[in-house]
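Source file: my_file.cif; contents: mmCIF, C-alpha atoms.
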```cif
data_query
loop_
_atom_site.group_PDB
_atom_site.id
_atom_site.type_symbol
_atom_site.label_atom_id
_atom_site.label_comp_id
_atom_site.auth_asym_id
_atom_site.auth_seq_id
_atom_site.Cartn_x
_atom_site.Cartn_y
_atom_site.Cartn_z
ATOM 1 C CA MET A 1300 22.474 1.060 -22.607
ATOM 2 C CA ILE A 1301 20.853 2.668 -19.542
ATOM 3 C CA ARG A 1302 20.606 0.213 -16.649
ATOM 4 C CA VAL A 1303 17.544 0.767 -14.434
ATOM 5 C CA ALA A 1304 16.772 -0.618 -10.976
ATOM 6 C CA LEU A 1305 13.086 -0.489 -10.096
ATOM 7 C CA GLY A 1306 11.764 -0.367 -6.536
ATOM 8 C CA HIS A 1307 7.983 -0.468 -6.102
ATOM 9 C CA ARG A 1308 5.745 -1.956 -3.384
ATOM 10 C CA GLY A 1309 3.126 -3.223 -5.845
ATOM 11 C CA THR A 1310 3.954 -6.399 -7.748
ATOM 12 C CA LEU A 1311 1.557 -5.617 -10.599
ATOM 13 C CA VAL A 1312 2.655 -1.983 -10.971
ATOM 14 C CA ARG A 1313 6.331 -2.945 -10.681
ATOM 15 C CA GLY A 1314 5.911 -5.542 -13.415
ATOM 16 C CA ALA A 1315 4.049 -3.099 -15.657
ATOM 17 C CA LEU A 1316 6.724 -0.422 -15.202
ATOM 18 C CA ALA A 1317 9.445 -2.964 -15.953
ATOM 19 C CA ALA A 1318 7.624 -4.049 -19.121
ATOM 20 C CA VAL A 1319 7.257 -0.426 -20.304
ATOM 21 C CA LEU A 1320 10.945 0.286 -19.756
ATOM 22 C CA ALA A 1321 12.132 -3.034 -21.239
ATOM 23 C CA ARG A 1322 10.360 -2.212 -24.535
ATOM 24 C CA GLU A 1323 12.934 0.492 -25.166
ATOM 25 C CA ASN A 1324 16.122 -0.489 -26.996
ATOM 26 C CA ASP A 1325 18.319 1.720 -24.820
ATOM 27 C CA LEU A 1326 16.895 0.702 -21.411
ATOM 28 C CA ASP A 1327 17.659 -2.445 -19.428
ATOM 29 C CA VAL A 1328 15.831 -3.236 -16.167
ATOM 30 C CA VAL A 1329 18.554 -4.917 -14.082
ATOM 31 C CA ALA A 1330 16.583 -5.320 -10.840
ATOM 32 C CA GLU A 1331 12.991 -5.292 -9.576
ATOM 33 C CA LEU A 1332 12.719 -4.761 -5.820
ATOM 34 C CA ASP A 1333 9.900 -4.550 -3.285
ATOM 35 C CA ARG A 1334 11.824 -3.300 -0.199
ATOM 36 C CA SER A 1335 13.943 -0.204 0.351
ATOM 37 C CA ASP A 1336 16.608 -2.261 2.147
ATOM 38 C CA ASP A 1337 17.255 -4.242 -1.041
ATOM 39 C CA VAL A 1338 17.751 -1.161 -3.230
ATOM 40 C CA LEU A 1339 21.203 -0.415 -1.817
ATOM 41 C CA HIS A 1340 22.255 -4.028 -2.399
ATOM 42 C CA VAL A 1341 21.840 -3.707 -6.186
ATOM 43 C CA ALA A 1342 24.721 -1.225 -6.346
ATOM 44 C CA GLY A 1343 26.888 -4.076 -7.642
ATOM 45 C CA ARG A 1344 24.798 -4.104 -10.800
ATOM 46 C CA ARG A 1345 25.696 -0.418 -11.172
ATOM 47 C CA PRO A 1346 22.326 0.920 -12.359
ATOM 48 C CA HIS A 1347 22.429 4.325 -14.022
ATOM 49 C CA VAL A 1348 18.923 5.143 -12.761
ATOM 50 C CA VAL A 1349 16.970 3.961 -9.731
ATOM 51 C CA LEU A 1350 13.203 4.384 -10.176
ATOM 52 C CA LEU A 1351 11.439 4.443 -6.789
ATOM 53 C CA ASP A 1352 8.026 4.333 -5.167
ATOM 54 C CA PRO A 1353 8.110 6.821 -2.222
ATOM 55 C CA GLN A 1354 6.089 4.364 -0.105
ATOM 56 C CA LEU A 1355 8.494 1.489 -0.670
ATOM 57 C CA PRO A 1356 8.433 -0.523 2.590
ATOM 58 C CA GLY A 1357 11.572 -1.344 4.535
ATOM 59 C CA ARG A 1358 13.865 -0.119 7.286
ATOM 60 C CA ILE A 1359 15.382 2.652 5.150
ATOM 61 C CA ARG A 1360 13.086 5.639 4.614
ATOM 62 C CA ILE A 1361 12.791 6.977 1.088
ATOM 63 C CA GLU A 1362 14.472 10.321 1.852
ATOM 64 C CA GLU A 1363 17.461 8.578 3.402
ATOM 65 C CA LEU A 1364 17.594 6.106 0.529
ATOM 66 C CA CYS A 1365 17.658 8.946 -2.002
ATOM 67 C CA ARG A 1366 20.515 10.620 -0.103
ATOM 68 C CA LYS A 1367 22.522 7.371 -0.069
ATOM 69 C CA LEU A 1368 22.088 6.691 -3.783
ATOM 70 C CA THR A 1369 24.903 9.003 -4.808
ATOM 71 C CA GLY A 1370 26.613 8.520 -8.129
ATOM 72 C CA ARG A 1371 23.467 7.364 -9.912
ATOM 73 C CA GLY A 1372 20.281 9.011 -11.066
ATOM 74 C CA VAL A 1373 17.193 8.719 -8.878
ATOM 75 C CA LEU A 1374 13.659 9.178 -10.184
ATOM 76 C CA VAL A 1375 10.731 9.047 -7.742
ATOM 77 C CA LEU A 1376 7.126 8.340 -8.785
ATOM 78 C CA ILE A 1377 4.726 10.459 -6.728
ATOM 79 C CA ASP A 1378 0.927 10.611 -6.772
ATOM 80 C CA HIS A 1379 0.174 14.357 -6.974
ATOM 81 C CA GLU A 1380 -3.278 13.721 -5.475
ATOM 82 C CA ALA A 1381 -1.723 12.297 -2.304
ATOM 83 C CA ILE A 1382 1.198 14.567 -1.476
ATOM 84 C CA VAL A 1383 2.567 13.805 1.981
ATOM 85 C CA ALA A 1384 5.331 15.277 4.120
ATOM 86 C CA THR A 1385 7.688 12.695 2.660
ATOM 87 C CA SER A 1386 7.087 14.250 -0.737
ATOM 88 C CA LEU A 1387 7.966 17.701 0.630
ATOM 89 C CA SER A 1388 11.315 16.423 1.861
ATOM 90 C CA LEU A 1389 11.869 14.776 -1.529
ATOM 91 C CA VAL A 1390 11.022 18.011 -3.342
ATOM 92 C CA LYS A 1391 13.743 19.683 -1.275
ATOM 93 C CA GLN A 1392 16.234 17.181 -2.730
ATOM 94 C CA ALA A 1393 15.371 18.182 -6.291
ATOM 95 C CA PRO A 1394 16.970 18.632 -8.766
ATOM 96 C CA ARG A 1395 19.508 16.126 -7.386
ATOM 97 C CA ILE A 1396 16.699 13.571 -7.645
ATOM 98 C CA GLY A 1397 13.987 13.535 -10.290
ATOM 99 C CA LEU A 1398 10.281 13.687 -9.463
ATOM 100 C CA ILE A 1399 7.582 12.465 -11.819
ATOM 101 C CA ALA A 1400 3.830 12.150 -11.267
ATOM 102 C CA THR A 1401 2.211 8.726 -11.366
ATOM 103 C CA ASP A 1402 -0.243 9.987 -13.983
ATOM 104 C CA ALA A 1403 2.550 10.784 -16.444
ATOM 105 C CA THR A 1404 2.367 9.043 -19.801
ATOM 106 C CA THR A 1405 4.637 6.104 -20.556
ATOM 107 C CA ASP A 1406 6.510 8.317 -23.049
ATOM 108 C CA GLN A 1407 7.078 10.934 -20.322
ATOM 109 C CA LEU A 1408 8.330 8.232 -17.955
ATOM 110 C CA VAL A 1409 10.772 6.833 -20.511
ATOM 111 C CA GLN A 1410 12.049 10.314 -21.391
ATOM 112 C CA SER A 1411 12.419 11.162 -17.684
ATOM 113 C CA VAL A 1412 14.534 8.029 -17.139
ATOM 114 C CA ARG A 1413 16.751 9.055 -20.054
ATOM 115 C CA ASP A 1414 17.023 12.632 -18.760
ATOM 116 C CA VAL A 1415 17.923 11.526 -15.227
ATOM 117 C CA ALA A 1416 20.557 9.168 -16.664
ATOM 118 C CA LYS A 1417 22.103 12.182 -18.444
ATOM 119 C CA GLY A 1418 22.086 14.192 -15.212
ATOM 120 C CA LEU A 1419 19.310 16.504 -16.373
ATOM 121 C CA PRO A 1420 16.749 17.764 -13.814
ATOM 122 C CA VAL A 1421 13.275 16.214 -13.869
ATOM 123 C CA VAL A 1422 10.717 17.887 -11.605
ATOM 124 C CA ASP A 1423 6.962 17.816 -12.136
ATOM 125 C CA VAL A 1424 5.790 21.373 -11.374
ATOM 126 C CA ARG A 1425 2.442 20.198 -9.951
ATOM 127 C CA LEU A 1426 4.258 17.962 -7.468
ATOM 128 C CA ALA A 1427 6.500 20.786 -6.324
ATOM 129 C CA VAL A 1428 3.572 23.175 -5.840
ATOM 130 C CA ALA A 1429 1.399 20.577 -4.069
ATOM 131 C CA ALA A 1430 4.221 19.536 -1.747
ATOM 132 C CA LEU A 1431 4.974 23.131 -0.822
ATOM 133 C CA ARG A 1432 1.279 23.710 -0.086
ATOM 134 C CA ALA A 1433 1.292 20.711 2.262
ATOM 135 C CA GLY A 1434 3.285 22.796 4.743
ATOM 136 C CA ASP A 1435 5.191 21.595 7.768
ATOM 137 C CA ASN A 1436 4.033 18.254 9.077
ATOM 138 C CA PRO A 1437 4.222 17.736 12.858
ATOM 139 C CA LEU A 1438 4.108 13.959 12.350
ATOM 140 C CA THR A 1439 7.257 11.906 11.871
ATOM 141 C CA ASP A 1440 7.603 9.700 8.797
ATOM 142 C CA ARG A 1441 6.854 6.624 10.918
ATOM 143 C CA GLU A 1442 3.753 8.274 12.402
ATOM 144 C CA CYS A 1443 2.554 9.063 8.869
ATOM 145 C CA GLU A 1444 3.173 5.432 7.935
ATOM 146 C CA VAL A 1445 1.136 4.235 10.921
ATOM 147 C CA LEU A 1446 -1.694 6.670 10.163
ATOM 148 C CA ARG A 1447 -1.766 5.582 6.508
ATOM 149 C CA GLN A 1448 -2.160 1.999 7.728
ATOM 150 C CA VAL A 1449 -5.048 3.120 9.957
ATOM 151 C CA THR A 1450 -6.846 4.464 6.859
ATOM 152 C CA THR A 1451 -7.041 0.880 5.567
ATOM 153 C CA GLY A 1452 -8.961 -0.170 8.684
ATOM 154 C CA ALA A 1453 -6.040 -2.196 10.037
ATOM 155 C CA THR A 1454 -5.935 -2.933 13.771
ATOM 156 C CA ALA A 1455 -2.916 -2.086 15.935
ATOM 157 C CA GLN A 1456 -1.835 -5.736 15.726
ATOM 158 C CA GLU A 1457 -2.123 -5.774 11.932
ATOM 159 C CA ILE A 1458 -0.215 -2.503 11.640
ATOM 160 C CA ALA A 1459 2.455 -3.917 13.947
ATOM 161 C CA ARG A 1460 2.889 -6.967 11.706
ATOM 162 C CA THR A 1461 2.967 -4.882 8.518
ATOM 163 C CA LEU A 1462 5.551 -2.415 9.849
ATOM 164 C CA SER A 1463 7.562 -4.951 11.900
ATOM 165 C CA LEU A 1464 6.744 -3.222 15.194
ATOM 166 C CA SER A 1465 5.221 -4.368 18.465
ATOM 167 C CA ALA A 1466 1.525 -3.649 19.052
ATOM 168 C CA GLY A 1467 2.503 -1.533 22.062
ATOM 169 C CA THR A 1468 4.769 0.624 19.910
ATOM 170 C CA VAL A 1469 1.946 1.115 17.409
ATOM 171 C CA ARG A 1470 -0.402 2.184 20.231
ATOM 172 C CA ASN A 1471 2.251 4.662 21.426
ATOM 173 C CA TYR A 1472 2.502 6.083 17.886
ATOM 174 C CA LEU A 1473 -1.285 6.382 17.732
ATOM 175 C CA SER A 1474 -1.355 8.269 21.053
ATOM 176 C CA ARG A 1475 1.308 10.696 19.798
ATOM 177 C CA ILE A 1476 -0.574 11.150 16.526
ATOM 178 C CA LEU A 1477 -3.765 12.078 18.393
ATOM 179 C CA ALA A 1478 -1.848 14.533 20.593
ATOM 180 C CA LYS A 1479 0.014 16.163 17.682
ATOM 181 C CA THR A 1480 -3.084 16.528 15.506
ATOM 182 C CA GLY A 1481 -5.342 17.568 18.413
ATOM 183 C CA ALA A 1482 -7.783 14.858 17.345
ATOM 184 C CA ARG A 1483 -10.158 12.994 19.665
ATOM 185 C CA SER A 1484 -10.266 9.844 17.527
ATOM 186 C CA ARG A 1485 -8.301 8.036 14.826
ATOM 187 C CA ILE A 1486 -10.928 9.018 12.254
ATOM 188 C CA GLU A 1487 -10.543 12.688 13.143
ATOM 189 C CA ALA A 1488 -6.743 12.366 13.024
ATOM 190 C CA ILE A 1489 -6.981 10.837 9.540
ATOM 191 C CA ARG A 1490 -9.303 13.612 8.352
ATOM 192 C CA LYS A 1491 -7.058 16.371 9.732
ATOM 193 C CA ALA A 1492 -3.904 14.778 8.297
ATOM 194 C CA GLN A 1493 -5.501 14.261 4.869
ATOM 195 C CA ASP A 1494 -6.905 17.805 4.790
ATOM 196 C CA ALA A 1495 -3.446 19.179 5.600
ATOM 197 C CA GLY A 1496 -1.805 17.000 2.953
ATOM 198 C CA TRP A 1497 0.308 15.061 5.477
ATOM 199 C CA ILE A 1498 -0.873 11.619 4.365
#
```

Using structure tokens, write down the structure that the file contains.
Amino acid sequence: MIRVALGHRGTLVRGALAAVLARENDLDVVAELDRSDDVLHVAGRRPHVVLLDPQLPGRIRIEELCRKLTGRGVLVLIDHEAIVATSLSLVKQAPRIGLIATDATTDQLVQSVRDVAKGLPVVDVRLAVAALRAGDNPLTDRECEVLRQVTTGATAQEIARTLSLSAGTVRNYLSRILAKTGARSRIEAIRKAQDAGWI
């Protein structure tokens, strides 16, 4: 029996993924988590595979989380239409971690979980190529997170609440983002970052 821990920010998607995996006789979903901080705490349940959303919220960034999850297989679900710098750093960790596109079929997902559990490499070629095309990102992971929140129309105060920061810290991040991207406005910064594949 392959024990799987599932970390995804979306309740509906997380539940659907758990249902797909639980249908299989050889897979057992031992934990469903919505924060990166909680993923390390399920080590006591000794999952063979940890299936992760790269935008899982929490204090521990996804790249760091993947590095800490030694001794078990890690499979990351990535949207190949929205490759960000985080994905590039994850690609660099392959084949130690597996990478699968969010538009994979359920059969491909199940087989990827089995392959990762066996220690076999799982890397979606389109993800690798898209991440490499994204190039070097001048923005930090936190700045990318803040800018992604801006794309939703959130105010500095709302972003601060979502990311557990002060509004002043968010405004400082926004100032640095504008300087690093050479943008005159948040909208221009978003456009430049999206065109470059950073968010």

Who sits within 9 Å of range 1337-1340 of chain A, all atoms listed in the file, same chain under 6 positions skipped, as a ChimeraX atom specification: /A:1304-1306,1330-1331,1349,1357,1364,1367-1368

Distance query Asp1414 in chain A at most 12 Å, all atoms listed in the file, self and fewer than 4 positions along chain excluded, as a list in words: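 Result of the neighbour search: Ile1301, His1347, Val1348, Gly1372, Val1373, Leu1374, Pro1394, Ile1396, Gly1397, Leu1398, Ile1399, Gln1407, Leu1408, Val1409, Gln1410, Gly1418, Leu1419, Pro1420, Val1421 and Val1422 of chain A.
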
Neighbour list for Arg1490 in chain A as a list in words, cut-off 12 Å, all atoms listed in the file, skip fewer than 3 positions in-chain: Leu1446, Arg1447, Val1449, Thr1450, Leu1477, Thr1480, Gly1481, Ala1482, Arg1483, Ser1484, Arg1485, Ile1486, Glu1487, Gln1493, Asp1494, Ala1495, Gly1496, Trp1497 and Ile1498 of chain A

As lines of an AutoDock Vina configuration file: centre and edge lengths in Å, one decimal, of the axis-aligned box holding range 1353-1362 of chain A with 6 Å per side:
```
center_x = 10.7
center_y = 4.5
center_z = 2.5
size_x = 21.3
size_y = 23.7
size_z = 21.5
```

Close residues, Arg1322 in chain A itself excluded, 12 Å, only C-alpha atoms, min 5 positions apart in chain, as a VMD selection string: chain A and resid 1315 to 1317 1327 to 1328 1405 to 1406 1409

Computed interatomic separation between CA of Arg1425 in chain A and CA of Leu1332 in chain A (Å):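 It comes out at 27.3 Å.
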
Best match for closeness to Arg1441 in chain A among A:Ala1403, A:Val1319, A:Ile1361, A:Val1415, counting all atoms listed in the file: A:Ile1361

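In this structure, CA of Arg1470 in chain A sits 17.7 Å away from CA of Ala1492 in chain A.
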
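One finds CA of Asp1423 in chain A at 25.6 Å from CA of Val1329 in chain A.
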
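In terms of minimum interatomic distance to Leu1320 in chain A, A:Ser1411 ranks closest within A:Ser1411, A:Gln1448, A:Ser1465, A:Asn1471, counting all atoms listed in the file.
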
Within 7 Å of Ala1455 in chain A using all atoms listed in the file, minus same-chain residues under 2 positions, as a VMD selection string: chain A and resid 1453 1457 to 1459 1466 1469 to 1470

Result set of the PyMOL selection byres ((chain A and resi 1476) around 8) on the coordinates above, as a ChimeraX atom specification: /A:1438,1442,1446,1472-1475,1477-1480,1488
